[in-house]
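As provided, structure14.csv (CSV, C-alpha atoms and all ligand atoms) reads as follows.
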```
chain,number,residue,atom,x,y,z
K,1,MET,CA,-8.5,5.7,-32.3
K,2,ILE,CA,-9.3,2.0,-32.1
K,3,PHE,CA,-6.3,-0.2,-31.7
K,4,ILE,CA,-6.3,-3.4,-33.7
K,5,LEU,CA,-3.9,-6.3,-32.7
K,6,THR,CA,-3.3,-7.8,-36.1
K,7,ASN,CA,0.2,-7.2,-37.2
K,8,ASP,CA,2.4,-8.9,-39.8
K,9,LYS,CA,5.2,-6.4,-39.2
K,10,LYS,CA,8.3,-8.2,-38.0
K,11,ARG,CA,10.3,-6.8,-35.1
K,12,ASP,CA,14.0,-5.7,-35.2
K,13,ASP,CA,15.1,-9.2,-34.2
K,14,GLY,CA,12.8,-10.8,-36.7
K,15,ARG,CA,10.2,-12.0,-34.2
K,16,ALA,CA,6.4,-11.9,-34.7
K,17,PHE,CA,4.5,-9.6,-32.3
K,18,ASP,CA,3.5,-12.7,-30.2
K,19,GLU,CA,6.8,-14.5,-30.2
K,20,ILE,CA,9.0,-15.0,-27.2
K,21,ARG,CA,12.8,-15.1,-27.5
K,22,PRO,CA,14.7,-18.4,-27.6
K,23,LEU,CA,14.4,-19.9,-24.1
K,24,LYS,CA,16.4,-22.5,-22.2
K,25,ILE,CA,15.9,-23.6,-18.6
K,26,GLU,CA,18.0,-26.0,-16.6
K,27,ALA,CA,17.1,-27.1,-13.0
K,28,GLY,CA,19.6,-28.3,-10.4
K,29,VAL,CA,22.8,-26.6,-11.6
K,30,LEU,CA,24.5,-25.9,-8.3
K,31,GLU,CA,25.8,-28.5,-5.8
K,32,ARG,CA,25.7,-26.4,-2.6
K,33,ALA,CA,22.3,-24.9,-2.9
K,34,ASP,CA,19.1,-26.7,-1.9
K,35,GLY,CA,17.6,-25.8,-5.2
K,36,SER,CA,18.9,-24.0,-8.3
K,37,ALA,CA,18.1,-23.1,-11.9
K,38,TYR,CA,19.8,-21.5,-14.8
K,39,LEU,CA,17.8,-19.7,-17.5
K,40,GLU,CA,18.6,-18.0,-20.8
K,41,VAL,CA,16.0,-16.0,-22.7
K,42,GLY,CA,17.4,-14.0,-25.6
K,43,GLY,CA,20.5,-12.4,-24.3
K,44,ASN,CA,19.5,-12.8,-20.6
K,45,LYS,CA,21.5,-15.2,-18.5
K,46,ILE,CA,20.2,-15.8,-15.0
K,47,LEU,CA,21.3,-18.1,-12.2
K,48,VAL,CA,19.1,-18.8,-9.1
K,49,ALA,CA,20.1,-20.4,-5.8
K,50,VAL,CA,17.5,-21.4,-3.2
K,51,TYR,CA,18.3,-22.2,0.5
K,52,GLY,CA,15.8,-23.5,2.9
K,53,PRO,CA,13.4,-23.9,4.4
K,54,ARG,CA,15.8,-23.5,7.3
K,55,GLU,CA,15.3,-22.2,10.8
K,56,SER,CA,15.1,-18.4,10.8
K,57,TYR,CA,18.3,-16.9,12.2
K,58,ILE,CA,16.9,-13.4,11.9
K,59,ARG,CA,14.6,-12.9,14.9
K,60,ARG,CA,12.6,-10.0,13.5
K,61,LEU,CA,11.7,-12.1,10.5
K,62,LEU,CA,10.6,-15.1,12.5
K,63,ARG,CA,6.9,-15.9,12.3
K,64,PRO,CA,5.5,-18.5,14.7
K,65,ASN,CA,2.8,-19.7,12.3
K,66,THR,CA,4.5,-19.7,9.0
K,67,GLY,CA,7.7,-19.7,7.0
K,68,VAL,CA,9.0,-16.5,5.3
K,69,ILE,CA,10.4,-16.1,1.8
K,70,ARG,CA,13.2,-13.5,1.1
K,71,CYS,CA,14.5,-12.7,-2.3
K,72,ARG,CA,17.6,-10.9,-3.5
K,73,TYR,CA,17.8,-9.8,-7.1
K,74,ASN,CA,21.2,-8.8,-8.1
K,75,MET,CA,22.8,-7.6,-11.4
K,76,ALA,CA,26.4,-8.4,-11.9
K,77,PRO,CA,28.5,-5.3,-12.7
K,78,PHE,CA,29.4,-6.8,-16.1
K,79,SER,CA,25.8,-7.8,-17.0
K,80,VAL,CA,25.0,-4.6,-18.8
K,81,ASP,CA,26.7,-2.3,-21.4
K,82,ASP,CA,27.4,0.5,-18.9
K,83,ARG,CA,29.1,-1.1,-15.9
K,84,LYS,CA,26.5,-1.5,-13.1
K,85,ARG,CA,27.7,-0.3,-9.7
K,86,PRO,CA,27.9,-3.3,-7.4
K,87,GLY,CA,25.4,-3.6,-4.6
K,88,PRO,CA,21.7,-2.9,-4.1
K,89,ASP,CA,20.1,0.1,-5.7
K,90,ARG,CA,16.5,1.4,-5.8
K,91,ARG,CA,15.7,-0.8,-8.8
K,92,SER,CA,17.1,-4.0,-7.4
K,93,ILE,CA,15.4,-3.5,-4.1
K,94,GLU,CA,12.1,-3.0,-5.8
K,95,ILE,CA,12.6,-6.1,-8.0
K,96,SER,CA,13.6,-8.2,-5.0
K,97,LYS,CA,10.4,-7.1,-3.2
K,98,ILE,CA,8.0,-7.8,-6.1
K,99,THR,CA,9.7,-11.1,-6.8
K,100,ALA,CA,9.1,-12.3,-3.2
K,101,GLU,CA,5.5,-11.1,-3.6
K,102,ALA,CA,5.1,-12.9,-6.9
K,103,LEU,CA,6.4,-16.2,-5.6
K,104,ARG,CA,4.9,-16.2,-2.1
K,105,PRO,CA,1.3,-17.2,-3.1
K,106,SER,CA,2.6,-20.4,-4.7
K,107,LEU,CA,4.5,-21.6,-1.6
K,108,MET,CA,2.9,-23.6,1.2
K,109,LEU,CA,5.0,-21.8,3.9
K,110,GLU,CA,2.4,-22.5,6.6
K,111,SER,CA,3.9,-26.0,6.8
K,112,PHE,CA,7.2,-24.5,7.9
K,113,PRO,CA,6.6,-22.2,10.9
K,114,ARG,CA,9.6,-20.3,12.2
K,115,SER,CA,11.6,-21.0,9.0
K,116,MET,CA,12.8,-19.0,6.1
K,117,VAL,CA,13.5,-19.6,2.4
K,118,ASP,CA,16.2,-17.5,0.7
K,119,VAL,CA,16.2,-17.0,-3.0
K,120,PHE,CA,19.2,-15.4,-4.7
K,121,ILE,CA,18.7,-14.3,-8.3
K,122,GLU,CA,22.0,-13.4,-10.1
K,123,VAL,CA,21.7,-11.7,-13.4
K,124,ILE,CA,24.9,-12.5,-15.3
K,125,GLU,CA,23.8,-10.9,-18.5
K,126,ALA,CA,20.8,-8.6,-19.0
K,127,GLU,CA,18.9,-7.9,-22.2
K,128,GLY,CA,15.4,-6.7,-21.1
K,129,GLY,CA,12.8,-8.6,-19.1
K,130,THR,CA,15.1,-9.7,-16.3
K,131,ARG,CA,12.5,-9.4,-13.5
K,132,CYS,CA,10.1,-11.8,-15.2
K,133,ALA,CA,12.9,-14.2,-16.2
K,134,GLY,CA,14.2,-14.1,-12.6
K,135,ILE,CA,10.8,-15.0,-11.3
K,136,THR,CA,10.5,-17.9,-13.8
K,137,ALA,CA,13.9,-19.2,-12.9
K,138,ALA,CA,13.3,-18.8,-9.2
K,139,SER,CA,10.1,-20.8,-9.3
K,140,VAL,CA,12.0,-23.7,-10.9
K,141,ALA,CA,14.7,-23.5,-8.3
K,142,LEU,CA,12.1,-23.5,-5.5
K,143,ALA,CA,10.6,-26.7,-7.0
K,144,ASP,CA,14.1,-28.1,-7.3
K,145,ALA,CA,14.6,-27.5,-3.6
K,146,GLY,CA,11.6,-29.7,-3.0
K,147,ILE,CA,9.5,-27.0,-1.3
K,148,PRO,CA,5.8,-27.8,-1.3
K,149,MET,CA,4.2,-25.6,-3.9
K,150,LYS,CA,0.7,-25.1,-5.3
K,151,ASP,CA,2.0,-24.1,-8.7
K,152,ILE,CA,5.2,-23.0,-10.6
K,153,VAL,CA,4.9,-19.2,-11.0
K,154,VAL,CA,5.9,-18.0,-14.4
K,155,GLY,CA,6.6,-14.4,-15.6
K,156,CYS,CA,6.6,-12.7,-19.0
K,157,ALA,CA,6.3,-9.1,-20.1
K,158,ALA,CA,4.4,-7.5,-23.0
K,159,GLY,CA,4.5,-3.9,-24.0
K,160,LYS,CA,4.1,-1.3,-26.7
K,161,PHE,CA,6.8,-0.6,-29.2
K,162,ASP,CA,6.4,1.3,-32.5
K,163,ASP,CA,2.7,1.6,-31.7
K,164,GLN,CA,2.2,-2.1,-31.6
K,165,ILE,CA,1.5,-4.4,-28.6
K,166,VAL,CA,4.4,-7.0,-28.5
K,167,LEU,CA,5.3,-9.9,-26.4
K,168,ASP,CA,8.6,-10.4,-24.4
K,169,LEU,CA,10.3,-7.0,-25.0
K,170,SER,CA,13.9,-7.0,-26.0
K,171,GLU,CA,16.3,-4.5,-24.4
K,172,LYS,CA,15.8,-2.0,-27.2
K,173,GLU,CA,12.0,-2.4,-27.0
K,174,ASP,CA,12.1,-2.1,-23.3
K,175,LYS,CA,14.2,1.0,-23.3
K,176,GLU,CA,12.9,2.8,-26.4
K,177,GLY,CA,9.3,1.4,-26.2
K,178,GLN,CA,6.1,3.2,-25.2
K,179,ALA,CA,5.1,0.8,-22.4
K,180,ASP,CA,6.1,-2.3,-20.5
K,181,VAL,CA,3.7,-4.6,-18.6
K,182,PRO,CA,5.5,-7.3,-16.6
K,183,VAL,CA,3.2,-10.1,-15.5
K,184,ALA,CA,3.5,-13.3,-13.5
K,185,ILE,CA,0.8,-15.9,-13.0
K,186,MET,CA,0.1,-19.3,-11.4
K,187,PRO,CA,-0.8,-21.1,-14.6
K,188,ARG,CA,-3.0,-23.8,-13.0
K,189,THR,CA,-5.5,-21.3,-11.5
K,190,GLY,CA,-4.6,-18.3,-13.7
K,191,ASP,CA,-4.0,-16.2,-10.6
K,192,VAL,CA,-1.9,-13.1,-11.4
K,193,THR,CA,0.9,-12.7,-8.8
K,194,LEU,CA,2.7,-9.8,-10.5
K,195,LEU,CA,1.3,-6.9,-12.5
K,196,GLN,CA,3.2,-3.8,-13.2
K,197,SER,CA,2.7,-1.2,-15.9
K,198,ASP,CA,5.1,1.5,-17.0
K,199,GLY,CA,4.4,3.9,-19.8
K,200,ASP,CA,1.3,5.0,-21.7
K,201,LEU,CA,-1.4,2.6,-22.7
K,202,THR,CA,-5.1,3.0,-23.4
K,203,GLU,CA,-7.4,0.7,-21.4
K,204,GLU,CA,-7.8,-1.5,-24.5
K,205,GLU,CA,-4.1,-1.7,-25.1
K,206,PHE,CA,-3.5,-2.6,-21.5
K,207,GLU,CA,-6.0,-5.4,-21.8
K,208,GLN,CA,-4.3,-6.6,-24.9
K,209,ALA,CA,-0.8,-6.4,-23.4
K,210,LEU,CA,-2.0,-8.3,-20.3
K,211,ASP,CA,-3.7,-11.1,-22.4
K,212,LEU,CA,-0.5,-11.4,-24.6
K,213,ALA,CA,1.7,-11.6,-21.5
K,214,ILE,CA,-0.5,-14.3,-20.1
K,215,GLU,CA,-0.2,-16.3,-23.3
K,216,GLY,CA,3.6,-15.9,-23.1
K,217,CYS,CA,3.6,-17.1,-19.5
K,218,LYS,CA,1.7,-20.3,-20.6
K,219,LYS,CA,4.3,-21.0,-23.3
K,220,ILE,CA,7.2,-20.5,-20.8
K,221,SER,CA,5.4,-22.7,-18.2
K,222,GLU,CA,5.8,-25.7,-20.6
K,223,VAL,CA,9.6,-25.1,-20.7
K,224,GLN,CA,9.7,-24.9,-16.9
K,225,LYS,CA,7.9,-28.2,-16.6
K,226,GLU,CA,10.2,-29.8,-19.1
K,227,ALA,CA,13.2,-28.6,-17.1
K,228,LEU,CA,11.9,-30.2,-13.9
K,229,LYS,CA,11.0,-33.4,-15.7
K,230,VAL,CA,14.6,-33.6,-17.1
K,231,ARG,CA,16.0,-32.9,-13.6
K,232,TYR,CA,13.9,-35.6,-11.9
K,233,SER,CA,14.4,-38.2,-14.7
K,234,LYS,CA,18.2,-37.8,-14.0
K,235,GLU,CA,17.6,-38.8,-10.3
N,1,LIG,N1,19.5,-2.2,-17.6
N,1,LIG,C1,20.8,-1.6,-17.7
N,1,LIG,N2,21.3,-1.0,-16.6
N,1,LIG,C2,20.7,-1.1,-15.4
N,1,LIG,C3,19.5,-1.6,-15.3
N,1,LIG,C4,18.9,-2.2,-16.4
N,1,LIG,O1,21.3,-1.6,-18.8
N,1,LIG,O2,21.3,-0.6,-14.4
N,1,LIG,C5,18.9,-2.8,-18.8
N,1,LIG,C6,18.8,-4.3,-18.7
N,1,LIG,O3,19.1,-4.9,-20.0
N,1,LIG,C7,17.4,-4.5,-18.3
N,1,LIG,C8,16.7,-3.5,-19.1
N,1,LIG,O4,17.6,-2.3,-19.0
N,1,LIG,O5,17.0,-5.8,-18.6
N,1,LIG,C9,15.3,-3.1,-18.6
N,1,LIG,O6,15.3,-2.8,-17.3
N,1,LIG,P1,14.0,-2.7,-16.4
N,1,LIG,O7,14.3,-1.9,-15.3
N,1,LIG,O8,12.9,-2.4,-17.3
N,1,LIG,O9,13.8,-4.2,-15.9
N,1,LIG,P2,13.7,-5.6,-16.7
N,1,LIG,O10,13.0,-5.3,-18.0
N,1,LIG,O11,15.0,-6.2,-16.8
N,1,LIG,O12,12.8,-6.4,-15.8
```

Please rewrite the model in this file as structure tokens.
Amino acid sequence: MIFILTNDKKRDDGRAFDEIRPLKIEAGVLERADGSAYLEVGGNKILVAVYGPRESYIRRLLRPNTGVIRCRYNMAPFSVDDRKRPGPDRRSIEISKITAEALRPSLMLESFPRSMVDVFIEVIEAEGGTRCAGITAASVALADAGIPMKDIVVGCAAGKFDDQIVLDLSEKEDKEGQADVPVAIMPRTGDVTLLQSDGDLTEEEFEQALDLAIEGCKKISEVQKEALKVRYSKE
């Protein structure tokens, strides 16, 4: 079967197939962190705090020629319908790891040998797509911390729901859909720093989902830049 990506069918929440949920980003929301950001996309509410670069106090993590980034993604117990058991689980450990990997290529950590940068991502309310939203918010918080960066990494997922390729899956589309493709890019170069795929897609559908997610990333990137402009115009 040849899959055609032309679809006038509206989604459950009224969005077109290529529409992202309402998005809001604010940089510099925490006094005690070196950098911070707050992001809302649809029903997701995410707060990020960045500390560093500071001298590594964990010996085994210390690298003589470069700095190191560590990420902790955490979901609040009240962030989802069924109470989430506090503390790390397999999912949050995985997301913490892929988040650090998605952000690392954008950071000029070689300028900070023996140091570390800590990124704390707190999901206060979750409604599908939190890993990408966490990466998007974390990159704004890293820029807010004044860490030299090559680009502001941005994340967005696409996937398949009801036999259609759609952008920025809602929680229902994420949970009941046929596939989920979270993507993060460095928009200046187009480098992909995160690419996951869960579910069943043909090669062609996968290409379409990837292209759509990249288009979503580009739209979100504009909101990131605006948030940083607002932050620096305040100063
Ligand atoms: N979710 C949940 N309980 C959990 C983990 C996730 O209800 O313990 C929900 C939450 O809304 C999340 C969605 O399921 O956003 C999809 O989770 P997934 O693992 O696909 O990651 P995400 O889409 O958030 O990056």

Neighbour list for range 210-212 of chain K as a VMD selection string, cut-off 12 Å, all atoms listed in the file, skip fewer than 3 positions in-chain: chain K and resid 5 17 to 20 155 to 160 164 to 169 179 to 185 190 192 194 to 197 201 203 to 207 215 to 219

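Shortest atom-to-atom contact with ligand LIG 1 (chain N) among K:Ser36, K:Asn44, K:Thr202, K:Ser96: K:Asn44, counting only C-alpha atoms and all ligand atoms.
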
Which residues are near ligand LIG 1 (chain N) in this structure, taking near to mean any atom at most 9 Å from a ligand atom and counting only C-alpha atoms and all ligand atoms? Format them as an mmCIF file with C-alpha atoms, in the coordinates of the input.
```
data_model
loop_
_atom_site.group_PDB
_atom_site.id
_atom_site.type_symbol
_atom_site.label_atom_id
_atom_site.label_comp_id
_atom_site.auth_asym_id
_atom_site.auth_seq_id
_atom_site.Cartn_x
_atom_site.Cartn_y
_atom_site.Cartn_z
ATOM 1 C CA GLY K 43 20.500 -12.400 -24.300
ATOM 2 C CA ASN K 44 19.500 -12.800 -20.600
ATOM 3 C CA MET K 75 22.800 -7.600 -11.400
ATOM 4 C CA PRO K 77 28.500 -5.300 -12.700
ATOM 5 C CA SER K 79 25.800 -7.800 -17.000
ATOM 6 C CA VAL K 80 25.000 -4.600 -18.800
ATOM 7 C CA ASP K 81 26.700 -2.300 -21.400
ATOM 8 C CA ASP K 82 27.400 0.500 -18.900
ATOM 9 C CA ARG K 83 29.100 -1.100 -15.900
ATOM 10 C CA LYS K 84 26.500 -1.500 -13.100
ATOM 11 C CA ARG K 85 27.700 -0.300 -9.700
ATOM 12 C CA ASP K 89 20.100 0.100 -5.700
ATOM 13 C CA ARG K 91 15.700 -0.800 -8.800
ATOM 14 C CA SER K 92 17.100 -4.000 -7.400
ATOM 15 C CA ILE K 95 12.600 -6.100 -8.000
ATOM 16 C CA GLU K 125 23.800 -10.900 -18.500
ATOM 17 C CA ALA K 126 20.800 -8.600 -19.000
ATOM 18 C CA GLU K 127 18.900 -7.900 -22.200
ATOM 19 C CA GLY K 128 15.400 -6.700 -21.100
ATOM 20 C CA GLY K 129 12.800 -8.600 -19.100
ATOM 21 C CA THR K 130 15.100 -9.700 -16.300
ATOM 22 C CA ARG K 131 12.500 -9.400 -13.500
ATOM 23 C CA CYS K 132 10.100 -11.800 -15.200
ATOM 24 C CA ALA K 133 12.900 -14.200 -16.200
ATOM 25 C CA GLY K 134 14.200 -14.100 -12.600
ATOM 26 C CA ALA K 157 6.300 -9.100 -20.100
ATOM 27 C CA LEU K 169 10.300 -7.000 -25.000
ATOM 28 C CA SER K 170 13.900 -7.000 -26.000
ATOM 29 C CA GLU K 171 16.300 -4.500 -24.400
ATOM 30 C CA LYS K 172 15.800 -2.000 -27.200
ATOM 31 C CA ASP K 174 12.100 -2.100 -23.300
ATOM 32 C CA LYS K 175 14.200 1.000 -23.300
ATOM 33 C CA ASP K 180 6.100 -2.300 -20.500
ATOM 34 C CA PRO K 182 5.500 -7.300 -16.600
ATOM 35 C CA ASP K 198 5.100 1.500 -17.000
#
```

Proximity to Leu61 in chain K - best of K:Thr136, K:Ser115, K:Ser221, K:Ser233, all atoms listed in the file: K:Ser115

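Our summary of the geometry notes that CA of Ala145 in chain K is positioned 22.5 Å from CA of Thr189 in chain K.
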
Shell around range 23-25 of chain K at 6 Å using only C-alpha atoms, local window under 2 positions removed, as a PyMOL selection string: chain K and resi 38-41+227

I need the chosen residues saved as a PDB file, keeping the file's coordinate frame, with C-alpha atoms.
```
ATOM      1  CA  TYR K  38      19.800 -21.500 -14.800  1.00  0.00           C
ATOM      2  CA  LEU K  39      17.800 -19.700 -17.500  1.00  0.00           C
ATOM      3  CA  GLU K  40      18.600 -18.000 -20.800  1.00  0.00           C
ATOM      4  CA  VAL K  41      16.000 -16.000 -22.700  1.00  0.00           C
ATOM      5  CA  ALA K 227      13.200 -28.600 -17.100  1.00  0.00           C
TER       6      ALA K 227
END
```

Under the rule that only C-alpha atoms are counted, which of K:Gln178, K:Gln224, K:Asn65, K:Ser56 is the nearest residue to Ala138 in chain K? K:Gln224

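Between CA of Phe120 in chain K and CA of Ala49 in chain K there is a distance of 5.2 Å.
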
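Coordinates place CA of Ile98 in chain K at a distance of 23.3 Å from CA of Glu26 in chain K.
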
Of the candidates K:Asp191, K:Glu226, K:Asp162, K:Asp118, which shows the shortest atom-to-atom distance to Gly35 in chain K, using only C-alpha atoms? K:Asp118

In terms of all atoms listed in the file, the residue from K:Ala102, K:Ala143, K:Leu109, K:Ala16 at minimal distance from Val50 in chain K is K:Ala143

Residue contacts of Gly146 in chain K (10 Å, all atoms listed in the file) excluding same-chain residues fewer than 5 positions away, as a CSV table (one decimal) with C-alpha atoms, in the frame of the given file:
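Produced file part-v6.csv, reproduced below:
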```
chain,number,residue,atom,x,y,z
K,34,ASP,CA,19.1,-26.7,-1.9
K,35,GLY,CA,17.6,-25.8,-5.2
K,52,GLY,CA,15.8,-23.5,2.9
K,53,PRO,CA,13.4,-23.9,4.4
K,140,VAL,CA,12.0,-23.7,-10.9
K,141,ALA,CA,14.7,-23.5,-8.3
```
